[in-house]
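Shown here: input06.txt, compact mmCIF, C-alpha atoms and all ligand atoms.
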```
# COMPACT_ATOMS: atom_id res chain seq x y z
CA GLN W 1 67.72 320.93 132.22
CA ALA W 2 70.51 318.50 133.17
CA GLY W 3 72.70 321.46 134.12
CA ILE W 4 74.15 324.54 132.42
CA ILE W 5 76.53 323.66 129.59
CA THR W 6 78.96 326.46 128.70
CA LEU W 7 80.65 326.28 125.32
CA ASP W 8 84.43 326.90 125.54
CA ARG W 9 86.00 326.34 122.10
CA GLY W 10 89.55 325.04 122.41
CA PHE W 11 89.04 324.93 126.20
CA LYS W 12 90.59 328.42 126.45
CA ASN W 13 89.01 328.97 129.86
CA THR W 14 88.49 325.43 131.07
CA GLY W 15 90.59 323.58 133.61
CA SER W 16 90.46 319.85 132.81
CA CYS W 17 92.10 318.58 135.99
CA GLU W 18 94.08 319.34 139.13
CA SER W 19 97.78 318.64 138.71
CA ALA W 20 100.92 318.99 140.84
CA ILE W 21 103.39 318.46 137.99
CA THR W 22 103.98 321.68 136.01
CA PHE W 23 103.23 325.30 136.83
CA LEU W 24 102.91 327.98 134.14
CA ASP W 25 102.37 331.71 134.62
CA GLY W 26 101.61 333.07 131.15
CA GLU W 27 101.82 336.73 132.18
CA LYS W 28 105.16 336.45 133.98
CA GLY W 29 106.66 333.82 131.67
CA ILE W 30 107.21 331.34 134.51
CA LEU W 31 107.61 327.58 133.91
CA ARG W 32 108.37 325.17 136.81
CA TYR W 33 108.51 321.36 136.91
CA ARG W 34 107.43 320.18 140.39
CA GLY W 35 108.35 323.65 141.70
CA TYR W 36 111.82 323.83 140.15
CA ALA W 37 112.43 326.73 137.73
CA ILE W 38 113.04 325.67 134.12
CA GLU W 39 116.08 327.99 134.03
CA ASP W 40 117.69 326.02 136.90
CA LEU W 41 116.82 322.60 135.50
CA ALA W 42 118.05 323.49 132.00
CA GLU W 43 121.38 324.67 133.41
CA LYS W 44 122.01 322.22 136.25
CA ALA W 45 120.07 318.98 135.69
CA ASP W 46 120.22 316.26 133.06
CA PHE W 47 117.28 314.94 131.10
CA LEU W 48 116.87 311.61 132.89
CA GLU W 49 116.95 313.38 136.28
CA VAL W 50 114.20 315.72 135.06
CA ALA W 51 112.21 312.74 133.75
CA TYR W 52 112.39 311.16 137.22
CA LEU W 53 111.41 314.47 138.85
CA LEU W 54 108.36 314.92 136.60
CA ILE W 55 107.13 311.35 136.97
CA PHE W 56 107.78 310.73 140.69
CA GLY W 57 107.71 314.29 142.04
CA GLU W 58 111.18 314.55 143.59
CA LEU W 59 114.73 315.01 142.32
CA PRO W 60 116.28 311.52 142.60
CA THR W 61 119.23 310.54 144.81
CA LYS W 62 122.17 309.04 142.92
CA GLU W 63 121.00 305.52 143.90
CA GLN W 64 117.42 306.21 142.75
CA LEU W 65 118.64 307.62 139.43
CA ASP W 66 121.04 304.70 138.84
CA LYS W 67 118.29 302.16 139.57
CA PHE W 68 115.82 304.05 137.34
CA TYR W 69 118.28 304.05 134.45
CA SER W 70 119.23 300.40 134.89
CA ASP W 71 115.54 299.43 134.97
CA ILE W 72 115.07 301.42 131.74
CA GLN W 73 118.09 299.77 130.13
CA ASP W 74 116.73 296.33 131.09
CA GLU W 75 113.62 297.20 129.08
CA SER W 76 115.24 298.85 126.08
CA GLU W 77 115.08 295.79 123.84
CA VAL W 78 112.52 295.96 121.05
CA ASP W 79 111.08 292.70 119.73
CA GLU W 80 112.64 291.79 116.38
CA GLU W 81 109.14 291.27 114.95
CA MET W 82 108.61 295.02 115.26
CA LYS W 83 111.06 295.44 112.37
CA LYS W 84 108.49 293.85 110.07
CA ILE W 85 106.02 296.62 110.93
CA LEU W 86 108.67 299.27 110.28
CA ASP W 87 109.45 297.58 106.95
CA GLY W 88 105.82 298.01 105.94
CA PHE W 89 106.25 301.79 105.72
CA PRO W 90 107.49 303.58 102.58
CA LYS W 91 110.70 305.59 103.15
CA SER W 92 108.66 308.70 102.41
CA ALA W 93 106.46 308.12 105.50
CA HIS W 94 106.65 310.97 108.02
CA PRO W 95 108.50 309.76 111.15
CA MET W 96 105.69 310.97 113.44
CA GLY W 97 103.18 308.70 111.68
CA VAL W 98 105.61 305.78 111.84
CA LEU W 99 106.33 306.39 115.53
CA SER W 100 102.70 306.69 116.53
CA SER W 101 102.02 303.35 114.82
CA LEU W 102 105.10 301.60 116.25
CA THR W 103 104.23 302.86 119.76
CA SER W 104 100.77 301.37 119.43
CA ALA W 105 102.25 298.16 118.01
CA LEU W 106 104.41 297.82 121.15
CA ILE W 107 101.21 296.83 122.98
CA ALA W 108 101.03 293.57 121.04
CA PHE W 109 104.49 292.62 122.32
CA ASN W 110 103.92 293.90 125.86
CA PRO W 111 100.28 293.03 126.68
CA SER W 112 100.88 293.32 130.42
CA SER W 113 101.50 297.07 129.97
CA VAL W 114 97.80 297.70 129.34
CA ASP W 115 95.92 296.84 132.51
CA VAL W 116 97.98 298.64 135.13
CA SER W 117 96.10 298.97 138.41
CA SER W 118 99.05 298.79 140.83
CA GLU W 119 101.89 301.33 141.04
CA ALA W 120 104.30 298.44 140.45
CA ASP W 121 102.57 297.61 137.15
CA MET W 122 102.60 301.29 136.19
CA TYR W 123 106.33 301.48 136.91
CA LYS W 124 106.99 298.47 134.65
CA ALA W 125 105.05 300.08 131.78
CA ILE W 126 106.88 303.39 132.36
CA VAL W 127 110.40 301.96 132.19
CA LYS W 128 109.40 299.94 129.13
CA ILE W 129 108.29 302.95 127.10
CA LEU W 130 111.27 305.05 128.29
CA GLY W 131 113.57 302.21 127.17
CA LYS W 132 111.94 301.36 123.88
CA PHE W 133 110.83 304.74 122.54
CA PRO W 134 114.37 306.01 121.80
CA VAL W 135 115.07 302.76 119.92
CA LEU W 136 111.92 303.21 117.82
CA ALA W 137 112.80 306.87 117.16
CA ALA W 138 116.33 305.91 116.06
CA TRP W 139 115.04 303.06 113.87
CA THR W 140 112.57 305.44 112.22
CA LEU W 141 115.46 307.73 111.21
CA ARG W 142 117.74 304.83 110.21
CA LYS W 143 115.05 303.35 107.98
CA LYS W 144 114.82 306.67 106.11
CA LYS W 145 118.60 306.75 105.65
CA SER W 146 118.79 303.01 104.82
CA ASP W 147 121.11 302.51 107.79
CA PRO W 148 121.01 299.08 109.46
CA LEU W 149 118.84 298.94 112.58
CA ASN W 150 120.88 298.85 115.77
CA TYR W 151 120.65 298.56 119.55
CA GLY W 152 121.72 300.81 122.38
CA ASP W 153 124.98 300.88 124.31
CA ASP W 154 124.57 300.44 128.08
CA SER W 155 127.89 302.16 128.73
CA LEU W 156 126.41 305.49 127.59
CA GLY W 157 123.98 307.88 129.27
CA TYR W 158 120.36 308.11 128.09
CA VAL W 159 120.82 311.06 125.71
CA GLU W 160 124.22 310.00 124.33
CA ASN W 161 122.83 306.52 123.71
CA LEU W 162 119.93 308.06 121.79
CA HIS W 163 122.35 310.11 119.69
CA LYS W 164 124.56 307.07 119.01
CA MET W 165 121.58 304.98 117.95
CA MET W 166 120.46 307.72 115.58
CA PHE W 167 123.82 308.51 114.01
CA GLU W 168 126.33 305.69 114.36
CA LYS W 169 127.55 304.36 111.02
CA PRO W 170 128.26 300.65 110.44
CA GLY W 171 131.94 299.86 110.70
CA LYS W 172 132.81 303.35 111.89
CA LYS W 173 133.87 304.22 115.46
CA TYR W 174 131.15 306.40 117.00
CA SER W 175 132.29 309.65 118.56
CA VAL W 176 130.47 312.86 119.37
CA ASP W 177 131.37 316.34 120.59
CA LYS W 178 130.19 316.67 124.23
CA ALA W 179 128.71 320.05 123.26
CA VAL W 180 126.26 318.21 121.01
CA ILE W 181 125.06 315.91 123.80
CA ASN W 182 124.80 318.81 126.26
CA ALA W 183 122.74 320.83 123.76
CA LEU W 184 120.46 317.86 123.05
CA ASP W 185 120.03 317.15 126.76
CA LYS W 186 119.06 320.76 127.43
CA LEU W 187 116.55 320.81 124.55
CA LEU W 188 114.91 317.61 125.79
CA ILE W 189 114.59 319.11 129.28
CA LEU W 190 112.98 322.26 127.86
CA HIS W 191 110.37 320.15 126.05
CA ALA W 192 109.70 317.71 128.90
CA ASP W 193 106.29 318.94 130.10
CA HIS W 194 103.94 321.86 129.67
CA GLU W 195 100.75 321.22 131.71
CA GLN W 196 97.56 320.59 129.70
CA ASN W 197 98.67 321.34 126.10
CA CYS W 198 96.96 319.64 123.17
CA SER W 199 99.01 316.41 123.14
CA THR W 200 99.08 316.01 126.94
CA SER W 201 95.33 316.53 127.10
CA THR W 202 95.07 313.81 124.43
CA VAL W 203 97.23 311.45 126.50
CA ARG W 204 95.01 312.11 129.53
CA MET W 205 91.82 311.68 127.50
CA VAL W 206 92.86 308.33 126.00
CA GLY W 207 94.33 307.22 129.33
CA SER W 208 91.08 308.09 131.11
CA SER W 209 89.37 305.19 129.31
CA HIS W 210 92.08 302.87 130.75
CA ALA W 211 93.35 302.08 127.25
CA GLY W 212 96.84 301.86 128.76
CA LEU W 213 100.05 303.94 128.68
CA PHE W 214 101.32 302.94 125.22
CA ALA W 215 97.97 303.64 123.50
CA SER W 216 97.83 307.02 125.29
CA ILE W 217 101.36 307.94 124.23
CA SER W 218 100.63 306.86 120.65
CA ALA W 219 97.64 309.23 120.60
CA GLY W 220 99.78 312.01 122.11
CA ILE W 221 102.33 311.58 119.30
CA SER W 222 99.58 312.05 116.72
CA ALA W 223 98.30 315.20 118.43
CA LEU W 224 101.84 316.62 118.70
CA TRP W 225 102.39 316.09 114.94
CA GLY W 226 100.08 318.94 113.96
CA PRO W 227 101.78 322.16 112.70
CA LEU W 228 99.84 324.24 115.23
CA HIS W 229 101.51 322.20 118.01
CA GLY W 230 104.79 320.25 117.98
CA GLY W 231 104.88 320.11 114.18
CA ALA W 232 105.58 323.86 114.28
CA ASN W 233 109.31 323.27 114.83
CA GLN W 234 109.56 321.66 111.40
CA ALA W 235 107.27 324.33 109.88
CA VAL W 236 109.47 327.12 111.32
CA ILE W 237 112.61 325.93 109.54
CA GLU W 238 110.68 325.41 106.30
CA MET W 239 109.33 328.97 106.65
CA LEU W 240 112.79 330.44 107.41
CA GLU W 241 114.26 328.58 104.42
CA LYS W 242 111.50 330.01 102.21
CA ILE W 243 112.26 333.54 103.46
CA LYS W 244 115.96 332.95 102.80
CA GLU W 245 115.31 331.70 99.25
CA ASP W 246 113.04 334.67 98.75
CA GLY W 247 116.00 336.98 99.42
CA GLY W 248 115.49 337.30 103.21
CA ASP W 249 112.60 339.74 102.84
CA THR W 250 111.08 339.37 106.32
CA LYS W 251 108.74 342.37 105.88
CA LYS W 252 106.93 340.55 103.06
CA PHE W 253 106.25 337.54 105.28
CA MET W 254 105.20 339.71 108.21
CA ALA W 255 102.63 341.31 105.89
CA LYS W 256 101.41 337.88 104.76
CA ALA W 257 101.02 336.81 108.40
CA LYS W 258 98.75 339.82 109.02
CA ASP W 259 96.65 339.31 105.92
CA LYS W 260 93.41 337.73 107.09
CA GLU W 261 92.78 336.41 103.56
CA ASP W 262 96.10 334.61 103.60
CA PRO W 263 96.18 331.33 105.57
CA PHE W 264 99.92 331.90 106.19
CA ARG W 265 100.98 332.19 109.82
CA LEU W 266 104.34 333.12 111.25
CA MET W 267 105.20 329.67 112.56
CA GLY W 268 106.90 329.55 115.96
CA PHE W 269 105.04 332.69 117.07
CA GLY W 270 102.15 332.92 119.51
CA HIS W 271 101.06 330.84 122.45
CA ARG W 272 97.79 330.06 124.20
CA VAL W 273 99.25 330.69 127.66
CA TYR W 274 102.41 332.80 127.35
CA LYS W 275 101.39 336.39 126.66
CA ASN W 276 104.72 338.13 127.19
CA PHE W 277 107.41 335.63 126.33
CA ASP W 278 107.99 331.87 126.35
CA PRO W 279 110.81 331.29 128.87
CA ARG W 280 111.92 328.29 126.85
CA ALA W 281 112.34 330.38 123.69
CA LYS W 282 114.64 332.73 125.62
CA ILE W 283 116.86 329.87 126.77
CA ILE W 284 116.86 328.18 123.33
CA LYS W 285 117.72 331.42 121.53
CA LYS W 286 120.76 331.88 123.81
CA SER W 287 121.68 328.21 123.41
CA ALA W 288 121.48 328.51 119.61
CA ASP W 289 124.16 331.21 119.66
CA GLU W 290 126.31 329.10 122.01
CA VAL W 291 125.95 325.80 120.13
CA LEU W 292 126.53 327.28 116.66
CA GLY W 293 129.53 329.14 118.07
CA GLN W 294 130.96 325.98 119.70
CA LEU W 295 130.43 323.98 116.51
CA GLY W 296 131.71 326.79 114.31
CA ILE W 297 128.48 326.87 112.29
CA ASP W 298 127.20 330.03 110.66
CA ASP W 299 123.55 329.41 109.76
CA PRO W 300 121.98 332.37 107.90
CA VAL W 301 118.47 331.38 109.00
CA LEU W 302 119.43 332.24 112.59
CA ASP W 303 119.87 335.87 111.54
CA ILE W 304 116.58 335.75 109.64
CA ALA W 305 114.87 334.36 112.75
CA LYS W 306 116.32 337.12 114.93
CA GLY W 307 115.25 339.68 112.33
CA LEU W 308 111.68 338.35 112.35
CA GLU W 309 111.57 338.41 116.15
CA LYS W 310 112.81 342.01 116.22
CA GLU W 311 110.24 343.11 113.65
CA ALA W 312 107.40 341.32 115.46
CA LEU W 313 108.30 343.02 118.74
CA GLU W 314 107.92 346.40 117.01
CA ASP W 315 104.78 345.53 115.02
CA ASP W 316 101.39 346.67 116.40
CA TYR W 317 99.53 343.66 114.96
CA PHE W 318 101.82 341.26 116.81
CA VAL W 319 102.20 343.32 119.95
CA LYS W 320 98.42 343.84 120.23
CA ARG W 321 97.87 340.08 119.90
CA LYS W 322 100.79 339.35 122.22
CA LEU W 323 102.54 337.18 119.64
CA TYR W 324 106.11 336.31 120.63
CA PRO W 325 108.47 333.48 119.72
CA ASN W 326 107.48 330.20 121.37
CA VAL W 327 109.49 327.07 122.12
CA ASP W 328 109.44 326.03 118.45
CA PHE W 329 110.88 329.21 116.98
CA TYR W 330 114.60 328.66 117.58
CA SER W 331 114.78 324.95 118.43
CA GLY W 332 115.02 323.79 114.81
CA ILE W 333 118.14 325.91 114.28
CA ILE W 334 119.90 323.91 116.99
CA TYR W 335 118.55 320.55 115.82
CA ARG W 336 119.86 321.34 112.34
CA ALA W 337 123.26 322.32 113.71
CA LEU W 338 123.30 318.95 115.50
CA GLY W 339 122.77 317.20 112.17
CA ILE W 340 119.17 316.18 112.84
CA PRO W 341 117.08 316.04 109.61
CA VAL W 342 114.11 318.46 109.59
CA GLU W 343 111.49 315.72 109.34
CA MET W 344 112.83 314.39 112.67
CA PHE W 345 112.40 317.70 114.54
CA THR W 346 108.96 316.86 115.90
CA VAL W 347 110.22 313.40 116.88
CA MET W 348 112.81 315.20 119.02
CA PHE W 349 109.94 317.14 120.59
CA ALA W 350 108.16 313.84 121.32
CA LEU W 351 111.33 312.33 122.85
CA GLY W 352 111.52 315.35 125.16
CA ARG W 353 107.80 315.35 125.99
CA LEU W 354 107.67 311.62 126.74
CA PRO W 355 108.38 311.96 130.50
CA GLY W 356 105.75 314.70 130.77
CA TRP W 357 103.13 312.58 129.04
CA ILE W 358 104.05 309.68 131.33
CA ALA W 359 103.89 311.86 134.46
CA GLN W 360 100.49 313.28 133.52
CA TRP W 361 99.10 309.84 132.62
CA ARG W 362 100.36 308.40 135.95
CA GLU W 363 98.91 311.31 137.96
CA MET W 364 95.57 310.94 136.16
CA ARG W 365 95.45 307.19 136.99
CA LEU W 366 96.63 307.58 140.61
CA MET W 367 94.01 310.30 141.17
CA LYS W 368 91.41 307.93 139.70
CA GLU W 369 90.18 310.64 137.30
CA PRO W 370 86.83 309.78 135.64
CA ILE W 371 86.67 309.04 131.90
CA GLY W 372 86.80 312.26 129.90
CA ARG W 373 83.42 312.95 128.30
CA PRO W 374 82.55 316.62 127.61
CA ARG W 375 79.06 317.75 126.47
CA GLN W 376 78.13 320.00 123.51
CA ILE W 377 75.69 322.69 122.38
CA TYR W 378 73.45 320.96 119.80
CA ILE W 379 72.81 323.14 116.71
CA GLY W 380 71.45 320.46 114.33
CA GLU W 381 67.92 319.61 113.06
CA GLY W 382 64.92 319.07 115.32
CA HIS W 383 63.05 315.74 115.14
CA ARG W 384 62.25 314.56 111.57
CA GLU W 385 60.12 311.62 110.28
CA PHE W 386 62.01 308.95 108.29
CA LYS W 387 61.28 308.77 104.50
CA ASN W 388 61.95 305.77 102.30
CA VAL W 389 64.56 306.23 99.63
CA ASP W 390 61.89 306.22 96.88
CA ASN W 391 60.17 309.28 98.23
CA ARG W 392 63.20 311.49 99.16
C1 LIG W 401 103.44 324.42 121.06
O1 LIG W 401 99.88 324.69 124.50
C2 LIG W 401 101.18 324.50 124.71
O2 LIG W 401 101.72 324.63 125.77
C3 LIG W 401 101.93 324.08 123.42
C4 LIG W 401 103.45 324.00 123.56
C5 LIG W 401 103.88 322.86 124.48
O3 LIG W 401 104.99 322.96 125.03
O4 LIG W 401 103.13 321.82 124.54
O5 LIG W 401 103.95 325.23 124.04
C6 LIG W 401 104.11 323.70 122.20
O6 LIG W 401 102.57 323.88 120.42
C7 LIG W 401 103.83 325.86 120.79
C8 LIG W 401 102.98 326.51 119.65
C9 LIG W 401 103.52 326.02 118.31
N1 LIG W 401 102.61 326.49 117.22
C10 LIG W 401 102.97 327.48 116.38
O7 LIG W 401 104.00 328.12 116.47
C11 LIG W 401 101.98 327.71 115.24
C12 LIG W 401 101.73 329.21 115.07
N2 LIG W 401 101.01 329.69 116.23
C13 LIG W 401 99.57 329.75 116.18
O8 LIG W 401 98.92 328.90 115.34
C14 LIG W 401 98.91 330.09 117.51
O9 LIG W 401 99.57 331.16 118.03
C15 LIG W 401 98.80 329.00 118.57
C16 LIG W 401 98.23 327.76 118.02
C17 LIG W 401 100.13 328.74 119.17
C18 LIG W 401 97.87 329.54 119.68
O10 LIG W 401 96.63 329.67 119.13
P1 LIG W 401 95.41 330.39 119.93
O11 LIG W 401 95.76 330.56 121.36
O12 LIG W 401 94.16 329.62 119.58
O13 LIG W 401 95.39 331.82 119.31
P2 LIG W 401 94.55 332.24 118.03
O14 LIG W 401 94.83 331.29 116.90
O15 LIG W 401 93.14 332.44 118.45
O16 LIG W 401 95.23 333.64 117.67
C19 LIG W 401 94.84 334.84 118.33
C20 LIG W 401 95.06 335.94 117.28
C21 LIG W 401 94.32 335.66 115.97
O17 LIG W 401 94.11 336.91 115.36
P3 LIG W 401 92.60 337.59 115.51
O18 LIG W 401 91.61 336.57 114.99
O19 LIG W 401 92.44 337.89 117.00
O20 LIG W 401 92.65 338.85 114.67
O21 LIG W 401 96.45 336.00 116.93
C22 LIG W 401 96.61 335.64 115.55
C23 LIG W 401 95.34 334.93 115.13
O22 LIG W 401 95.10 335.10 113.74
N3 LIG W 401 97.75 334.73 115.50
C24 LIG W 401 98.72 334.75 114.58
C25 LIG W 401 99.64 333.76 114.97
N4 LIG W 401 99.21 333.16 116.10
C26 LIG W 401 98.06 333.77 116.43
N5 LIG W 401 98.87 335.51 113.48
C27 LIG W 401 100.00 335.26 112.75
N6 LIG W 401 100.95 334.31 113.06
C28 LIG W 401 100.78 333.55 114.16
N7 LIG W 401 101.68 332.61 114.48
```
Turn this file's structure into structure tokens for me.
Amino acid sequence: QAGIITLDRGFKNTGSCESAITFLDGEKGILRYRGYAIEDLAEKADFLEVAYLLIFGELPTKEQLDKFYSDIQDESEVDEEMKKILDGFPKSAHPMGVLSSLTSALIAFNPSSVDVSSEADMYKAIVKILGKFPVLAAWTLRKKKSDPLNYGDDSLGYVENLHKMMFEKPGKKYSVDKAVINALDKLLILHADHEQNCSTSTVRMVGSSHAGLFASISAGISALWGPLHGGANQAVIEMLEKIKEDGGDTKKFMAKAKDKEDPFRLMGFGHRVYKNFDPRAKIIKKSADEVLGQLGIDDPVLDIAKGLEKEALEDDYFVKRKLYPNVDFYSGIIYRALGIPVEMFTVMFALGRLPGWIAQWREMRLMKEPIGRPRQIYIGEGHREFKNVDNR
């Protein structure tokens, strides 16, 4: 026998790599980026600082951060030809499918970003994707709204520039409440990395064949799209809206979620690693109250969400299975308050996760990880003789 192969569906008990980037303790609800507590980073850092920390391992000095951002700005132009690819999509296309395709298409206009053996080459590919991805995300939204495609404004910070690109109206002076940018910045930080989740494992797997950073990120976007993963933030709002339309009867939906015959799940609940609470959900729940208060918004689905959480905490089925709100449960309520359309919620998750995907891809390449190639337990037919079609 070549060696013992143990089957581990969903890799629940398999470590795929060694990593120094993010630390999770599922029992204690601890999340740290490069040793810094998520609570500190969410309160005291800004998103680009956290991106630098995740990718290069240290909090940047002012000079390092300024150079990083100016290198990103120098690479934020997207080739005009890319607009033709965007035009090929129907307006009804889901932004995650558009973005995964556009990210892959970037390779054609930046061929040197594929074969990156030196750290210098990796750095160039990294600032390119950090510069261009927000443009592609904004264009994807603008295409849906039939707004003219635009370019960034170097006088603004990374997150404000993203917001401006998404929402500025032709001929109108752009202005935004600082509370909106602060809330967006915090949400992006909270989504920035999460060790070996489904989409990050996908980025590592594709990157392990040396397909390049952009191809790996494109694959990660597709993995994140699924409703069991990043797509849950869109599914949560759709579920809360359904409960609201149904008269706010949370007990009925709790019962559906426990009915094994019913494929319905309480979206935004449960987590593979966190078995007591998701520290990000705690911060986002508090931030939702703050942001809606600052913006003077009263969103009834926030009360429905809180009602569901309260019921779940008192429900044996949920408590026994350790099902608590995860990062996706409250985030959509803030995105909606910030005027972000629901089909863009998972794009916001991808914009936040981008530095984490980059950091994990870079670590995998610098550690010279081998190509990912798991084995299987074969359960198919034994050897069979071939029969011609006439005698089958
Ligand atoms: C993210 O991995 C990460 O770190 C992901 C993420 C990140 O930052 O990258 O944190 C982001 O993806 C958060 C999760 C978003 N997904 C959802 O909210 C979708 C709803 N949640 C579930 O589908 C589920 O909880 C998962 C996918 C999150 C976790 O799935 P697991 O670990 O494979 O757990 P499971 O499906 O085996 O469930 C265990 C039990 C089962 O019941 P039994 O068969 O034991 O009787 O709990 C039940 C499940 O039926 N269950 C749920 C439930 N989640 C699990 N029942 C009702 N509603 C739910 N949401």
Env. residues ligand LIG 401 (chain W) / 8 Å / only C-alpha atoms and all ligand atoms / as number ranges by chain: W: 10, 12, 191, 193-200, 224, 227-233, 236, 257-258, 260, 264-273, 318, 321-323, 325-329
Region 202-222 of chain W residues near region 127-151 of chain W within 12 Å, closest pair each, using all atoms listed in the file, as a Markdown table:
```
| residue | atom | partner | partner_atom | distance |
| --- | --- | --- | --- | --- |
| W:Gly212 | CA | W:Ile129 | CA | 11.6 |
| W:Leu213 | CA | W:Ile129 | CA | 8.4 |
| W:Phe214 | CA | W:Ile129 | CA | 7.2 |
| W:Ala215 | CA | W:Ile129 | CA | 11.0 |
| W:Ser216 | CA | W:Ile129 | CA | 11.4 |
| W:Ile217 | CA | W:Ile129 | CA | 9.0 |
| W:Ser218 | CA | W:Phe133 | CA | 10.6 |
| W:Ile221 | CA | W:Phe133 | CA | 11.4 |
```
Within 7 Å of region 238-251 of chain W using only C-alpha atoms, minus same-chain residues under 3 positions, as an MDAnalysis selection string: chainID W and resid 234:235 254:255 301 304:305 308
Among listed residues W:Leu31, W:Met344, W:Leu162, W:Ala223, nearest Val180 (chain W) (using only C-alpha atoms):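 Distance minimum relative to Val180 (chain W) lands on W:Leu162.
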Length of the CA of Tyr174 (chain W) to CA of Ser155 (chain W) vector [Å]: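 Spanning CA of Tyr174 (chain W) to CA of Ser155 (chain W) is a straight-line distance of 12.9 Å.
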Using only C-alpha atoms: which of W:Met364, W:Ala192, W:Met205, W:Met122 has the shortest distance to Asp46 (chain W): W:Ala192
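Distance annotation: of W:Asn276, W:Asp289, W:Ile38, W:Ala211, the residue with the minimal separation from Pro111 (chain W) is W:Ala211; atom set is only C-alpha atoms.
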For Thr6 (chain W): contacts at 10 Å, all atoms listed in the file, fewer than 4 positions along chain excluded, given as a list of chain:residue names: W:Thr14, W:Arg375, W:Gln376, W:Ile377
With a distance cut-off of 10 Å and only C-alpha atoms, select the neighbouring residues of Tyr123 (chain W), excluding the residue or stretch itself and same-chain residues fewer than 3 positions from it, and output the selection as a CSV table (one decimal) with C-alpha atoms, in the frame of the given file.
```
chain,number,residue,atom,x,y,z
W,55,ILE,CA,107.1,311.4,137.0
W,68,PHE,CA,115.8,304.0,137.3
W,71,ASP,CA,115.5,299.4,135.0
W,113,SER,CA,101.5,297.1,130.0
W,116,VAL,CA,98.0,298.6,135.1
W,118,SER,CA,99.0,298.8,140.8
W,119,GLU,CA,101.9,301.3,141.0
W,120,ALA,CA,104.3,298.4,140.4
W,126,ILE,CA,106.9,303.4,132.4
W,127,VAL,CA,110.4,302.0,132.2
W,128,LYS,CA,109.4,299.9,129.1
W,362,ARG,CA,100.4,308.4,136.0
```
Exercise: Pro370 (chain W) partners within 12 Å, only C-alpha atoms, chain neighbours under 4 positions left out, as a ChimeraX atom specification: /W:16-17,204-210,364-366,374
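Here CA of Pro279 (chain W) and CA of Glu309 (chain W) stand 14.6 Å from one another.
Between Ile30 (chain W) and the candidates W:Tyr335, W:Tyr69, W:Glu381, W:Tyr274, the tightest atom-to-atom separation, counting only C-alpha atoms, involves W:Tyr274.
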Residue with smallest distance to Ile340 (chain W) - pool W:Lys282, W:Lys124, W:Lys84, W:His163, counting all atoms listed in the file: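 When distances to Ile340 (chain W) are compared using all atoms listed in the file, the smallest one comes from W:His163.
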Nearest residue to Leu190 (chain W) from the set W:Glu58, W:Glu261, W:Asp278, W:Glu27 (distances using all atoms listed in the file):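 Looking at the shortest contact to Leu190 (chain W), the residue is W:Asp278.
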Interatomic distance (Å, one decimal) between CA of Val203 (chain W) and CA of Gly220 (chain W): 5.1 Å
Contact residues around Ser101 (chain W) with only C-alpha atoms at 10 Å, ignoring same-chain residues under 3 positions, as JSON, numbers by chain: {"W": [85, 86, 95, 96, 97, 98, 104, 105, 106, 215, 218, 219, 221, 222]}
Emit the selected residues as an mmCIF file, keeping the file's coordinate frame, including C-alpha atoms.
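And here's part14.cif as it stands now:
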```cif
data_model
loop_
_atom_site.group_PDB
_atom_site.id
_atom_site.type_symbol
_atom_site.label_atom_id
_atom_site.label_comp_id
_atom_site.auth_asym_id
_atom_site.auth_seq_id
_atom_site.Cartn_x
_atom_site.Cartn_y
_atom_site.Cartn_z
ATOM 1 C CA ILE W 85 106.020 296.620 110.930
ATOM 2 C CA LEU W 86 108.670 299.270 110.280
ATOM 3 C CA PRO W 95 108.500 309.760 111.150
ATOM 4 C CA MET W 96 105.690 310.970 113.440
ATOM 5 C CA GLY W 97 103.180 308.700 111.680
ATOM 6 C CA VAL W 98 105.610 305.780 111.840
ATOM 7 C CA SER W 104 100.770 301.370 119.430
ATOM 8 C CA ALA W 105 102.250 298.160 118.010
ATOM 9 C CA LEU W 106 104.410 297.820 121.150
ATOM 10 C CA ALA W 215 97.970 303.640 123.500
ATOM 11 C CA SER W 218 100.630 306.860 120.650
ATOM 12 C CA ALA W 219 97.640 309.230 120.600
ATOM 13 C CA ILE W 221 102.330 311.580 119.300
ATOM 14 C CA SER W 222 99.580 312.050 116.720
#
```
